[in-house]
$ cat input-v3.cif   # mmCIF, C-alpha atoms
data_coords
loop_
_atom_site.group_PDB
_atom_site.id
_atom_site.type_symbol
_atom_site.label_atom_id
_atom_site.label_comp_id
_atom_site.auth_asym_id
_atom_site.auth_seq_id
_atom_site.Cartn_x
_atom_site.Cartn_y
_atom_site.Cartn_z
ATOM 1 C CA MET A 27 0.000 0.000 0.000
ATOM 2 C CA LYS A 28 1.237 3.468 -0.861
ATOM 3 C CA ILE A 29 -0.013 6.562 1.013
ATOM 4 C CA VAL A 30 0.843 9.907 -0.611
ATOM 5 C CA PRO A 31 -0.006 13.223 1.100
ATOM 6 C CA MET A 32 -2.131 15.568 -1.069
ATOM 7 C CA THR A 33 -1.100 18.831 0.603
ATOM 8 C CA SER A 34 0.930 19.944 3.596
ATOM 9 C CA ALA A 35 -2.249 20.445 5.670
ATOM 10 C CA ILE A 36 -4.812 17.803 4.728
ATOM 11 C CA GLY A 37 -5.498 14.711 2.676
ATOM 12 C CA ALA A 38 -3.730 11.653 1.310
ATOM 13 C CA ASP A 39 -4.164 9.412 -1.708
ATOM 14 C CA VAL A 40 -4.082 5.684 -0.950
ATOM 15 C CA TYR A 41 -2.913 3.374 -3.730
ATOM 16 C CA ASP A 42 -2.692 -0.407 -3.985
ATOM 17 C CA ALA A 43 -5.129 -1.009 -1.127
ATOM 18 C CA ASP A 44 -8.131 -3.288 -0.882
ATOM 19 C CA VAL A 45 -10.823 -2.088 1.528
ATOM 20 C CA ARG A 46 -12.078 -5.671 1.760
ATOM 21 C CA LYS A 47 -8.907 -6.672 3.661
ATOM 22 C CA ALA A 48 -8.793 -5.997 7.405
ATOM 23 C CA ALA A 49 -5.052 -5.244 7.360
ATOM 24 C CA ASP A 50 -5.554 -2.593 4.665
ATOM 25 C CA VAL A 51 -8.532 -1.077 6.501
ATOM 26 C CA LYS A 52 -6.365 -0.742 9.616
ATOM 27 C CA LYS A 53 -3.778 1.251 7.621
ATOM 28 C CA ILE A 54 -6.513 3.341 5.954
ATOM 29 C CA LYS A 55 -7.963 4.201 9.384
ATOM 30 C CA ALA A 56 -4.509 5.305 10.536
ATOM 31 C CA ALA A 57 -4.096 7.435 7.403
ATOM 32 C CA PHE A 58 -7.543 8.968 7.984
ATOM 33 C CA ALA A 59 -6.583 9.827 11.580
ATOM 34 C CA LYS A 60 -3.369 11.463 10.366
ATOM 35 C CA TYR A 61 -4.593 13.242 7.200
ATOM 36 C CA SER A 62 -8.360 13.771 7.884
ATOM 37 C CA VAL A 63 -9.228 12.977 4.242
ATOM 38 C CA VAL A 64 -8.189 9.881 2.318
ATOM 39 C CA ALA A 65 -8.908 8.994 -1.290
ATOM 40 C CA VAL A 66 -8.655 5.232 -1.630
ATOM 41 C CA ARG A 67 -8.033 4.772 -5.325
ATOM 42 C CA ASP A 68 -9.221 2.073 -7.716
ATOM 43 C CA GLN A 69 -11.888 0.337 -5.635
ATOM 44 C CA ASN A 70 -14.779 -1.478 -7.303
ATOM 45 C CA LEU A 71 -17.163 -2.414 -4.513
ATOM 46 C CA THR A 72 -20.541 -4.054 -4.349
ATOM 47 C CA PRO A 73 -23.049 -2.278 -2.093
ATOM 48 C CA GLU A 74 -22.427 -4.965 0.551
ATOM 49 C CA GLU A 75 -18.671 -4.369 0.406
ATOM 50 C CA HIS A 76 -19.219 -0.608 0.644
ATOM 51 C CA ILE A 77 -21.307 -1.122 3.800
ATOM 52 C CA ASP A 78 -18.735 -3.557 5.238
ATOM 53 C CA PHE A 79 -15.985 -0.968 4.713
ATOM 54 C CA ALA A 80 -18.111 1.788 6.271
ATOM 55 C CA GLU A 81 -18.841 -0.397 9.311
ATOM 56 C CA ALA A 82 -15.136 -1.217 9.633
ATOM 57 C CA MET A 83 -14.402 2.529 9.776
ATOM 58 C CA GLY A 84 -17.069 3.208 12.424
ATOM 59 C CA GLN A 85 -20.785 3.307 13.148
ATOM 60 C CA ILE A 86 -22.879 4.240 10.101
ATOM 61 C CA ASN A 87 -24.777 7.507 10.461
ATOM 62 C CA ILE A 88 -27.312 7.546 7.627
ATOM 63 C CA ASN A 89 -27.709 10.880 5.847
ATOM 64 C CA ARG A 90 -31.421 11.625 6.048
ATOM 65 C CA PHE A 91 -31.346 14.280 3.294
ATOM 66 C CA PHE A 92 -30.542 11.878 0.447
ATOM 67 C CA THR A 93 -32.632 9.075 -1.000
ATOM 68 C CA PRO A 94 -31.473 5.674 0.222
ATOM 69 C CA LEU A 95 -30.615 2.954 -2.255
ATOM 70 C CA ASP A 96 -33.749 0.776 -2.507
ATOM 71 C CA THR A 97 -31.902 -2.465 -1.879
ATOM 72 C CA HIS A 98 -29.455 -1.053 0.705
ATOM 73 C CA PRO A 99 -30.964 1.630 2.963
ATOM 74 C CA ASN A 100 -27.560 2.208 4.641
ATOM 75 C CA ILE A 101 -26.350 3.772 1.375
ATOM 76 C CA ALA A 102 -27.505 7.267 0.441
ATOM 77 C CA ILE A 103 -27.598 8.226 -3.240
ATOM 78 C CA VAL A 104 -25.889 11.531 -4.031
ATOM 79 C CA LEU A 105 -26.887 12.158 -7.627
ATOM 80 C CA LYS A 106 -26.603 15.162 -9.920
ATOM 81 C CA GLU A 107 -28.786 14.938 -12.987
ATOM 82 C CA PRO A 108 -27.471 16.346 -16.303
ATOM 83 C CA ASP A 109 -30.012 19.196 -16.248
ATOM 84 C CA GLN A 110 -29.051 20.368 -12.748
ATOM 85 C CA LYS A 111 -27.156 23.674 -12.771
ATOM 86 C CA GLY A 112 -25.667 23.682 -9.262
ATOM 87 C CA ALA A 113 -23.647 21.028 -7.518
ATOM 88 C CA ILE A 114 -24.984 19.091 -4.543
ATOM 89 C CA GLY A 115 -23.553 20.589 -1.363
ATOM 90 C CA GLU A 116 -22.047 23.413 -3.392
ATOM 91 C CA GLU A 117 -22.184 25.813 -0.480
ATOM 92 C CA TRP A 118 -19.584 25.518 2.263
ATOM 93 C CA HIS A 119 -20.761 22.958 4.809
ATOM 94 C CA THR A 120 -19.735 20.274 7.258
ATOM 95 C CA ASP A 121 -21.445 16.905 6.787
ATOM 96 C CA HIS A 122 -23.864 16.003 9.586
ATOM 97 C CA SER A 123 -23.352 19.299 11.444
ATOM 98 C CA TYR A 124 -27.062 19.117 12.314
ATOM 99 C CA ASP A 125 -26.497 16.011 14.486
ATOM 100 C CA VAL A 126 -25.811 16.244 18.229
ATOM 101 C CA GLU A 127 -22.884 13.919 17.530
ATOM 102 C CA PRO A 128 -21.773 14.512 13.931
ATOM 103 C CA ALA A 129 -20.532 11.562 11.902
ATOM 104 C CA LEU A 130 -16.820 10.773 12.002
ATOM 105 C CA GLY A 131 -16.699 11.308 8.250
ATOM 106 C CA SER A 132 -18.335 10.479 4.963
ATOM 107 C CA ILE A 133 -17.501 7.631 2.619
ATOM 108 C CA LEU A 134 -18.181 8.507 -0.988
ATOM 109 C CA SER A 135 -17.913 6.146 -3.921
ATOM 110 C CA ALA A 136 -17.812 7.841 -7.314
ATOM 111 C CA ILE A 137 -19.577 5.763 -9.943
ATOM 112 C CA ASP A 138 -19.861 8.130 -12.898
ATOM 113 C CA MET A 139 -17.567 11.154 -13.072
ATOM 114 C CA PRO A 140 -17.055 13.767 -15.790
ATOM 115 C CA ASP A 141 -13.712 13.863 -17.601
ATOM 116 C CA VAL A 142 -13.075 17.322 -16.109
ATOM 117 C CA GLY A 143 -14.474 18.681 -12.845
ATOM 118 C CA GLY A 144 -16.711 16.831 -10.443
ATOM 119 C CA ASP A 145 -14.138 17.290 -7.723
ATOM 120 C CA THR A 146 -14.707 18.573 -4.230
ATOM 121 C CA VAL A 147 -12.731 20.695 -1.829
ATOM 122 C CA PHE A 148 -11.795 19.907 1.771
ATOM 123 C CA SER A 149 -10.432 22.216 4.430
ATOM 124 C CA SER A 150 -8.726 21.496 7.723
ATOM 125 C CA MET A 151 -10.416 23.322 10.566
ATOM 126 C CA ALA A 152 -7.593 22.144 12.844
ATOM 127 C CA ALA A 153 -4.952 23.672 10.569
ATOM 128 C CA ALA A 154 -6.957 26.891 10.235
#
$ encode --input "input-v3.cif" --output "structure tokens"
Amino acid sequence: MKIVPMTSAIGADVYDADVRKAADVKKIKAAFAKYSVVAVRDQNLTPEEHIDFAEAMGQININRFFTPLDTHPNIAIVLKEPDQKGAIGEEWHTDHSYDVEPALGSILSAIDMPDVGGDTVFSSMAAA
């Protein structure tokens, strides 16, 4: 497994990992604790595997503002239709800030991405 910092303040890319393997999840959790954001590259997960990985990271806190996947209610669908002008969550926000105990983080799995754009921005409140 290769962990490469994204910036000097936040984030790391994780290469050559398999989130289905407990040993790799342990290293990913350590990278998350150190870098606050991790992008685990080249994963192709079934919904069950996605849920297993999420549960290995911590307790699932279901986002009540997104439609759940019919077959897997622990997975929320974040979908931007082609005719939508703005991006979902385009305004500055912290996920689950409305909860008494906010979620540890969010696990996103990109299924269909544009060739250019579609990225997101993260900021370190600790570094700020």
$ residues_around --input "input-v3.cif" --residues "Asp125 in chain A" --least-positions-apart "3" --cutoff "12 Å" --atoms "only C-alpha atoms" --output "MDAnalysis selection string"
chainID A and resid 87:90 120:122 128:130
$ atom_distance --input "input-v3.cif" --atom1 "CA of Lys55 in chain A" --atom2 "CA of Val104 in chain A"
23.6 Å
$ closest_residue --input "input-v3.cif" --among "A:Ala43, A:Ala57, A:Ile101, A:Ser132" --to "Phe148 in chain A" --atoms "all atoms listed in the file"
A:Ser132
$ residues_around --input "input-v3.cif" --residues "Met32 in chain A" --least-positions-apart "6" --cutoff "10 Å" --atoms "only C-alpha atoms" --output "PyMOL selection string"
chain A and resi 38-39+61+63-65
$ atom_distance --input "input-v3.cif" --atom1 "CA of Ile86 in chain A" --atom2 "CA of Ser135 in chain A"
15.0 Å
$ closest_residue --input "input-v3.cif" --among "A:Ala82, A:Ala59, A:Ile77, A:Val51" --to "Ala102 in chain A" --atoms "only C-alpha atoms"
A:Ile77
$ atom_distance --input "input-v3.cif" --atom1 "CA of Gly143 in chain A" --atom2 "CA of Ala35 in chain A"
22.3 Å
$ resolve_selection --input "input-v3.cif" --expression "the PyMOL selection byres ((chain A and resi 67) around 7)" --output "ChimeraX atom specification"
/A:40-41,65-66,68-69
$ residues_around --input "input-v3.cif" --residues "Phe79 in chain A" --least-positions-apart "4" --cutoff "10 Å" --atoms "only C-alpha atoms" --output "JSON list (two decimals) with C-alpha atoms, in the coordinates of the input"
[["chain", "number", "residue", "atom", "x", "y", "z"],
["A", 44, "ASP", "CA", -8.13, -3.29, -0.88],
["A", 45, "VAL", "CA", -10.82, -2.09, 1.53],
["A", 46, "ARG", "CA", -12.08, -5.67, 1.76],
["A", 47, "LYS", "CA", -8.91, -6.67, 3.66],
["A", 48, "ALA", "CA", -8.79, -6.00, 7.40],
["A", 51, "VAL", "CA", -8.53, -1.08, 6.50],
["A", 71, "LEU", "CA", -17.16, -2.41, -4.51],
["A", 73, "PRO", "CA", -23.05, -2.28, -2.09],
["A", 74, "GLU", "CA", -22.43, -4.96, 0.55],
["A", 75, "GLU", "CA", -18.67, -4.37, 0.41],
["A", 83, "MET", "CA", -14.40, 2.53, 9.78],
["A", 84, "GLY", "CA", -17.07, 3.21, 12.42],
["A", 133, "ILE", "CA", -17.50, 7.63, 2.62]]
$ closest_residue --input "input-v3.cif" --among "A:Met27, A:Ala80, A:Asp50, A:His119" --to "Val147 in chain A" --atoms "all atoms listed in the file"
A:His119
$ residues_near_point --input "input-v3.cif" --point "(-20.5, 8.2, -11.6)" --cutoff "12 Å" --atoms "all atoms listed in the file" --output "ChimeraX atom specification"
/A:103-108,134-141,144-145
$ closest_residue --input "input-v3.cif" --among "A:Ile114, A:Val126, A:Ala152, A:Leu95" --to "Lys60 in chain A" --atoms "only C-alpha atoms"
A:Ala152
$ closest_residue --input "input-v3.cif" --among "A:Thr146, A:His98, A:Gly131, A:Ala153" --to "Glu116 in chain A" --atoms "all atoms listed in the file"
A:Thr146
$ axis_aligned_box --input "input-v3.cif" --around "range 85-99 of chain A" --padding-each-side "3 Å" --output "JSON"
{"center_x": -27.3, "center_y": 5.9, "center_z": 5.3, "size_x": 19.0, "size_y": 22.7, "size_z": 21.7}
$ build_atoms --input "input-v3.cif" --residues "range 128-147 of chain A" --atoms "N, CA, C and O atoms" --output "short mmCIF file (atom, residue, chain, number, x, y, z; two decimals), in the coordinates of the input"
data_model
loop_
_atom_site.label_atom_id
_atom_site.label_comp_id
_atom_site.auth_asym_id
_atom_site.auth_seq_id
_atom_site.Cartn_x
_atom_site.Cartn_y
_atom_site.Cartn_z
N PRO A 128 -21.98 14.66 15.38
CA PRO A 128 -21.77 14.51 13.93
C PRO A 128 -21.03 13.23 13.59
O PRO A 128 -20.29 12.68 14.41
N ALA A 129 -21.22 12.76 12.38
CA ALA A 129 -20.53 11.56 11.90
C ALA A 129 -19.02 11.79 11.90
O ALA A 129 -18.55 12.92 11.76
N LEU A 130 -18.28 10.70 12.05
CA LEU A 130 -16.82 10.77 12.00
C LEU A 130 -16.36 11.28 10.64
O LEU A 130 -15.38 12.02 10.53
N GLY A 131 -17.07 10.91 9.60
CA GLY A 131 -16.70 11.31 8.25
C GLY A 131 -17.74 10.80 7.28
O GLY A 131 -18.79 10.29 7.68
N SER A 132 -17.46 10.96 6.02
CA SER A 132 -18.34 10.48 4.96
C SER A 132 -17.53 9.59 4.03
O SER A 132 -16.37 9.89 3.73
N ILE A 133 -18.14 8.52 3.58
CA ILE A 133 -17.50 7.63 2.62
C ILE A 133 -18.27 7.78 1.31
O ILE A 133 -19.45 7.48 1.24
N LEU A 134 -17.58 8.29 0.32
CA LEU A 134 -18.18 8.51 -0.99
C LEU A 134 -17.57 7.54 -1.98
O LEU A 134 -16.36 7.30 -1.96
N SER A 135 -18.39 7.03 -2.87
CA SER A 135 -17.91 6.15 -3.92
C SER A 135 -18.39 6.70 -5.25
O SER A 135 -19.57 6.66 -5.56
N ALA A 136 -17.46 7.26 -6.02
CA ALA A 136 -17.81 7.84 -7.31
C ALA A 136 -18.06 6.73 -8.33
O ALA A 136 -17.22 5.86 -8.52
N ILE A 137 -19.22 6.78 -8.96
CA ILE A 137 -19.58 5.76 -9.94
C ILE A 137 -19.43 6.31 -11.36
O ILE A 137 -18.87 5.67 -12.23
N ASP A 138 -19.92 7.52 -11.57
CA ASP A 138 -19.86 8.13 -12.90
C ASP A 138 -19.37 9.56 -12.74
O ASP A 138 -20.07 10.39 -12.15
N MET A 139 -18.18 9.83 -13.23
CA MET A 139 -17.57 11.15 -13.07
C MET A 139 -17.31 11.78 -14.44
O MET A 139 -16.99 11.07 -15.39
N PRO A 140 -17.41 13.10 -14.53
CA PRO A 140 -17.06 13.77 -15.79
C PRO A 140 -15.55 13.69 -16.02
O PRO A 140 -14.77 13.49 -15.09
N ASP A 141 -15.14 13.88 -17.28
CA ASP A 141 -13.71 13.86 -17.60
C ASP A 141 -12.97 15.00 -16.90
O ASP A 141 -11.81 14.87 -16.52
N VAL A 142 -13.66 16.15 -16.76
CA VAL A 142 -13.08 17.32 -16.11
C VAL A 142 -14.07 17.82 -15.08
O VAL A 142 -15.28 17.88 -15.35
N GLY A 143 -13.58 18.17 -13.90
CA GLY A 143 -14.47 18.68 -12.84
C GLY A 143 -15.03 17.54 -12.01
O GLY A 143 -14.51 16.44 -12.02
N GLY A 144 -16.11 17.83 -11.30
CA GLY A 144 -16.71 16.83 -10.44
C GLY A 144 -15.97 16.63 -9.14
O GLY A 144 -16.30 15.77 -8.35
N ASP A 145 -14.93 17.43 -8.94
CA ASP A 145 -14.14 17.29 -7.72
C ASP A 145 -14.79 18.04 -6.56
O ASP A 145 -15.77 18.74 -6.72
N THR A 146 -14.23 17.89 -5.43
CA THR A 146 -14.71 18.57 -4.23
C THR A 146 -13.51 19.20 -3.54
O THR A 146 -12.37 18.96 -3.91
N VAL A 147 -13.79 20.00 -2.55
CA VAL A 147 -12.73 20.70 -1.83
C VAL A 147 -12.89 20.39 -0.34
O VAL A 147 -14.00 20.38 0.17
#
